[in-house]
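**Q** Dropping the structure in here first, questions after.
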Amino acid sequence: MIEDLLWQSLNQAVAEKTGREIKQFLTQTKQRDKKLVKHLKDNGADASSIQLFKNMLNAENLIKEKKIPKDFYLDTAVEAYTGLDSGHFSELKASTQQLNKEIAALEESRLHFGRMLSTIPEQAVIAEIQQKLRKSQTAIVQEQAKNSILQDQLMLVQRQTVQAEIRLGNLKLADNKNAFDAELDRNIVGNIDSIKLVIEKFHHAMVEKHIKHLESLIFDSFMSLIRKSKLVKHITIEPKTYKLSLFDQQLEAIPSNRLSAGERQILAISILWG
């Protein structure tokens with residue numbers, strides 16, 4: 001009878017001690033969870049993802065709360081039972097060891113979430129990337145304006161070419177036009193065609209140059225936001241169709257269905273920033 005009471009008292013003391021430790025751990029965990037949710041909101045995570053994350057955290061905390069005893073009536077330190085015959089408490093020791101393992105698992109979970117939080121880019125890093133992207137976008141707008149001017153010049157040359165061809169036709173119809181004038185007109189038309197070809201080549205070169213720059217911006221943004229540094233090695237954009245392709249470390253194309261929803265969201269953000 002006395003041994004049973006002692007066993008029950010020791011079991012209650014261990015349960016109360018463990019319950020207080022779990023309560024303290026849950027208090028710290030809930031403060032951390034609030035910071036994690038706030039950090040996700042500040043970095044533009046969508047509402048459904050945030051709610052899913054909160055549900056996961058609440059489920060984990062509920063499991064931990066179930067391990068807390070309902071009543072704390074003994075309020076006696078476990079050390080007060082030191083010296084009791086261990087042969088009577090083998091089951092209690094096994095239970096205590098299991099609780100210690102669970103506490104260690106909870107601590108590992110806390111460290112894991114702490115590491116996850118440390119891998120999220122800081123606001124200052126994101127702000128710096130956004131500033132670089134804004135500067136690059138400004139440069140692209142300026143180059144587009146230059147390209148628009150070149151296109152206007154090309155149209156002017158095309159109109160001049162048409163006018164020259166009309167004049168050439170009229171000259172051919174005139175009986176009094178000599179061979180020198182005809183040859184001169186042909187040379188003018190030939191030079192205009194050469195100018196058109198040069199401008200077209202320049203236009204294509206400018207498009208390819210900006211696409212290469214845009215590929216680099218999107219890749220840098222994607223790699224700065226993604227945690228899997230070896231997922232993507234290269235990003236390309238097809239100049240004619242503007243099709244975007246991702247390549248892995250073996251330079252093989254990555255199908256879109258290989259990317260998770262979060263990775264596709266990060267890629268979309270990188271494209272918008274680029």
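In the structure tokens, chains take letters A, B, ... by order of appearance, with residues numbered from 1 within each chain and ligands from 1 in the order shown.
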Mind checking which residues fall within 8 Å of range 254-265 of chain A, counting only C-alpha atoms, ignoring those fewer than 5 positions away in the same chain, and posting them as a PyMOL selection string?
**A** chain A and resi 226+245-248
**Q** Would you give me, as a ChimeraX atom specification, the residues in range 105-243 of chain A that DSSP reads as strand (DSSP E)?
**A** /A:234-237
**Q** Let me make sure I understand: among A:Ser194, A:Thr236, A:Thr161, A:Thr27, which one has the smallest atom-to-atom distance to Lys212 in chain A if we use only C-alpha atoms?
**A**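 Among the listed residues, the smallest separation from Lys212 in chain A belongs to A:Thr236.
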**Q** Near Lys38 in chain A, within 12 Å and counting only C-alpha atoms, which residues show up once chain neighbours fewer than 2 positions away are dropped, as number ranges by chain?
**A** A: 31-36, 40-45, 47, 50-51, 53-54, 117
**Q** DSSP on the backbone: what in range 31-252 of chain A comes out alpha helix (DSSP H), as a CSV table (one decimal) with C-alpha atoms, in the first residue's frame?
**A**
```csv
chain,number,residue,atom,x,y,z
A,31,GLN,CA,6.1,33.5,-29.3
A,32,ARG,CA,8.3,32.0,-32.0
A,33,ASP,CA,5.2,31.0,-34.1
A,34,LYS,CA,3.9,34.5,-34.0
A,35,LYS,CA,7.2,35.8,-35.3
A,36,LEU,CA,7.2,33.2,-38.1
A,37,VAL,CA,3.6,34.1,-39.2
A,38,LYS,CA,4.5,37.8,-39.1
A,39,HIS,CA,7.6,37.2,-41.1
A,40,LEU,CA,5.7,35.3,-43.7
A,41,LYS,CA,3.1,38.1,-44.0
A,42,ASP,CA,5.8,40.7,-44.3
A,47,ALA,CA,-3.3,33.9,-47.0
A,48,SER,CA,-3.9,30.2,-47.7
A,49,SER,CA,-0.3,29.3,-47.2
A,50,ILE,CA,-0.2,31.3,-43.9
A,51,GLN,CA,-3.4,29.6,-42.7
A,52,LEU,CA,-2.0,26.2,-43.6
A,53,PHE,CA,1.2,26.9,-41.7
A,54,LYS,CA,-0.8,28.2,-38.6
A,55,ASN,CA,-3.0,25.0,-38.7
A,56,MET,CA,0.2,22.9,-38.7
A,57,LEU,CA,1.6,24.8,-35.7
A,58,ASN,CA,-1.6,24.6,-33.8
A,59,ALA,CA,-1.9,20.8,-34.4
A,60,GLU,CA,1.7,20.3,-33.1
A,61,ASN,CA,1.0,22.5,-30.0
A,62,LEU,CA,-2.2,20.6,-29.3
A,63,ILE,CA,-0.4,17.3,-29.2
A,64,LYS,CA,2.1,18.8,-26.8
A,65,GLU,CA,-0.6,20.3,-24.6
A,90,SER,CA,11.2,0.3,-13.2
A,91,GLU,CA,8.0,1.1,-15.1
A,92,LEU,CA,8.2,4.7,-13.9
A,93,LYS,CA,11.8,5.0,-15.0
A,94,ALA,CA,10.8,3.8,-18.5
A,95,SER,CA,8.0,6.3,-18.6
A,96,THR,CA,10.4,9.1,-17.5
A,97,GLN,CA,12.9,8.1,-20.2
A,98,GLN,CA,10.1,8.2,-22.8
A,99,LEU,CA,9.1,11.7,-21.6
A,100,ASN,CA,12.7,12.8,-21.8
A,101,LYS,CA,12.9,11.6,-25.3
A,102,GLU,CA,9.7,13.5,-26.2
A,103,ILE,CA,11.2,16.6,-24.6
A,104,ALA,CA,14.4,16.2,-26.6
A,105,ALA,CA,12.2,15.7,-29.8
A,106,LEU,CA,10.4,18.9,-28.9
A,107,GLU,CA,13.7,20.8,-28.5
A,108,GLU,CA,14.9,19.4,-31.8
A,109,SER,CA,11.7,20.6,-33.4
A,110,ARG,CA,12.2,24.1,-31.9
A,111,LEU,CA,15.8,24.2,-33.3
A,112,HIS,CA,14.5,23.0,-36.7
A,113,PHE,CA,12.0,25.9,-36.9
A,114,GLY,CA,14.8,28.3,-35.7
A,115,ARG,CA,17.0,27.1,-38.6
A,116,MET,CA,14.1,27.5,-41.0
A,117,LEU,CA,13.6,31.0,-39.9
A,118,SER,CA,17.3,31.9,-40.3
A,119,THR,CA,17.2,30.7,-43.9
A,123,GLN,CA,14.1,42.4,-45.4
A,124,ALA,CA,17.3,44.4,-46.1
A,125,VAL,CA,18.5,41.8,-48.6
A,126,ILE,CA,15.1,41.8,-50.4
A,127,ALA,CA,15.1,45.6,-50.4
A,128,GLU,CA,18.5,45.6,-52.0
A,129,ILE,CA,17.5,43.1,-54.7
A,130,GLN,CA,14.4,45.2,-55.4
A,131,GLN,CA,16.5,48.4,-55.8
A,132,LYS,CA,18.8,46.6,-58.2
A,133,LEU,CA,15.8,45.4,-60.2
A,134,ARG,CA,14.3,48.9,-60.4
A,135,LYS,CA,17.6,50.2,-61.7
A,136,SER,CA,17.7,47.5,-64.3
A,137,GLN,CA,14.1,48.1,-65.3
A,138,THR,CA,14.9,51.8,-65.8
A,139,ALA,CA,17.9,50.9,-68.0
A,140,ILE,CA,15.7,48.5,-70.0
A,141,VAL,CA,13.1,51.3,-70.5
A,142,GLN,CA,15.8,53.6,-71.7
A,143,GLU,CA,17.1,51.0,-74.1
A,144,GLN,CA,13.5,50.4,-75.3
A,145,ALA,CA,13.2,54.1,-76.0
A,146,LYS,CA,16.4,54.0,-78.0
A,147,ASN,CA,15.1,51.0,-79.9
A,148,SER,CA,11.8,52.9,-80.6
A,149,ILE,CA,13.8,55.7,-82.1
A,150,LEU,CA,15.7,53.3,-84.3
A,151,GLN,CA,12.5,51.8,-85.5
A,152,ASP,CA,11.2,55.3,-86.4
A,153,GLN,CA,14.4,55.8,-88.4
A,154,LEU,CA,14.0,52.5,-90.1
A,155,MET,CA,10.4,53.5,-91.1
A,156,LEU,CA,11.8,56.8,-92.5
A,157,VAL,CA,14.4,54.9,-94.5
A,158,GLN,CA,11.7,52.5,-95.8
A,159,ARG,CA,9.6,55.5,-96.9
A,160,GLN,CA,12.7,57.0,-98.6
A,161,THR,CA,13.3,53.7,-100.3
A,162,VAL,CA,9.8,53.6,-101.6
A,163,GLN,CA,10.1,57.1,-102.9
A,164,ALA,CA,13.5,56.3,-104.5
A,165,GLU,CA,12.0,53.2,-106.2
A,166,ILE,CA,9.1,55.4,-107.5
A,167,ARG,CA,11.6,57.9,-108.8
A,168,LEU,CA,13.6,55.1,-110.4
A,169,GLY,CA,10.5,53.8,-112.1
A,170,ASN,CA,9.7,57.2,-113.5
A,171,LEU,CA,13.3,57.7,-114.7
A,172,LYS,CA,13.2,54.4,-116.5
A,173,LEU,CA,10.0,55.5,-118.3
A,179,ALA,CA,22.6,55.3,-118.2
A,180,PHE,CA,24.6,57.3,-115.7
A,181,ASP,CA,21.5,58.6,-113.9
A,182,ALA,CA,20.0,55.1,-113.9
A,183,GLU,CA,23.1,53.6,-112.4
A,184,LEU,CA,23.2,56.3,-109.8
A,185,ASP,CA,19.6,55.6,-108.7
A,186,ARG,CA,20.4,51.8,-108.5
A,187,ASN,CA,23.4,52.6,-106.2
A,188,ILE,CA,21.2,54.8,-104.0
A,189,VAL,CA,18.6,51.9,-103.7
A,190,GLY,CA,21.4,49.5,-103.0
A,191,ASN,CA,22.8,51.7,-100.2
A,192,ILE,CA,19.4,52.0,-98.6
A,193,ASP,CA,18.9,48.2,-98.6
A,194,SER,CA,22.3,47.9,-96.9
A,195,ILE,CA,21.2,50.5,-94.2
A,196,LYS,CA,18.0,48.5,-93.7
A,197,LEU,CA,20.0,45.3,-93.2
A,198,VAL,CA,22.3,47.0,-90.7
A,199,ILE,CA,19.5,48.4,-88.7
A,200,GLU,CA,17.7,45.1,-88.6
A,201,LYS,CA,20.8,43.3,-87.4
A,202,PHE,CA,21.3,46.0,-84.8
A,203,HIS,CA,17.7,45.6,-83.6
A,204,HIS,CA,18.1,41.8,-83.3
A,205,ALA,CA,21.4,42.3,-81.4
A,206,MET,CA,19.8,44.7,-79.0
A,207,VAL,CA,16.9,42.3,-78.3
A,208,GLU,CA,19.3,39.4,-77.6
A,209,LYS,CA,21.4,41.6,-75.4
A,210,HIS,CA,18.5,42.6,-73.2
A,211,ILE,CA,17.1,39.1,-73.1
A,212,LYS,CA,20.5,37.9,-71.8
A,213,HIS,CA,20.5,40.6,-69.2
A,214,LEU,CA,16.9,39.7,-68.2
A,215,GLU,CA,17.8,36.0,-67.9
A,216,SER,CA,20.6,37.0,-65.5
A,217,LEU,CA,18.3,39.2,-63.4
A,218,ILE,CA,15.6,36.5,-63.1
A,219,PHE,CA,18.2,33.8,-62.3
A,220,ASP,CA,19.9,36.0,-59.6
A,221,SER,CA,16.5,36.8,-58.1
A,222,PHE,CA,15.4,33.2,-58.1
A,223,MET,CA,18.6,31.9,-56.5
A,224,SER,CA,18.5,34.6,-53.8
A,225,LEU,CA,15.0,33.6,-52.8
```
**Q** Between CA of Lys30 in chain A and CA of Arg227 in chain A, what is the distance, to one decimal in Å?
**A** 24.8 Å
**Q** When you look at Gln249 in chain A with a cut-off of 9 Å (counting only C-alpha atoms), what residues show up, excluding the ones that are within fewer than 4 positions of it in the same chain? I need them as a list in words.
**A**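 Skipping anything fewer than 4 positions along the chain leaves Lys230, Leu231, Val232, Lys233 and His234 of chain A.
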**Q** Work out how far apart CA of Asp46 in chain A and CA of Leu244 in chain A are and give it in Å to one decimal.
**A**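 It comes out at 24.2 Å.
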**Q** Using only C-alpha atoms, find the one residue out of A:Gln250, A:Asn11, A:Leu272, A:Lys66 that sits nearest to Lys23 in chain A.
**A** A:Lys66
**Q** Tell me, in Å to one decimal, how far CA of Thr29 in chain A is from CA of Ile266 in chain A.
**A**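 Interatomic distance here is 27.5 Å.
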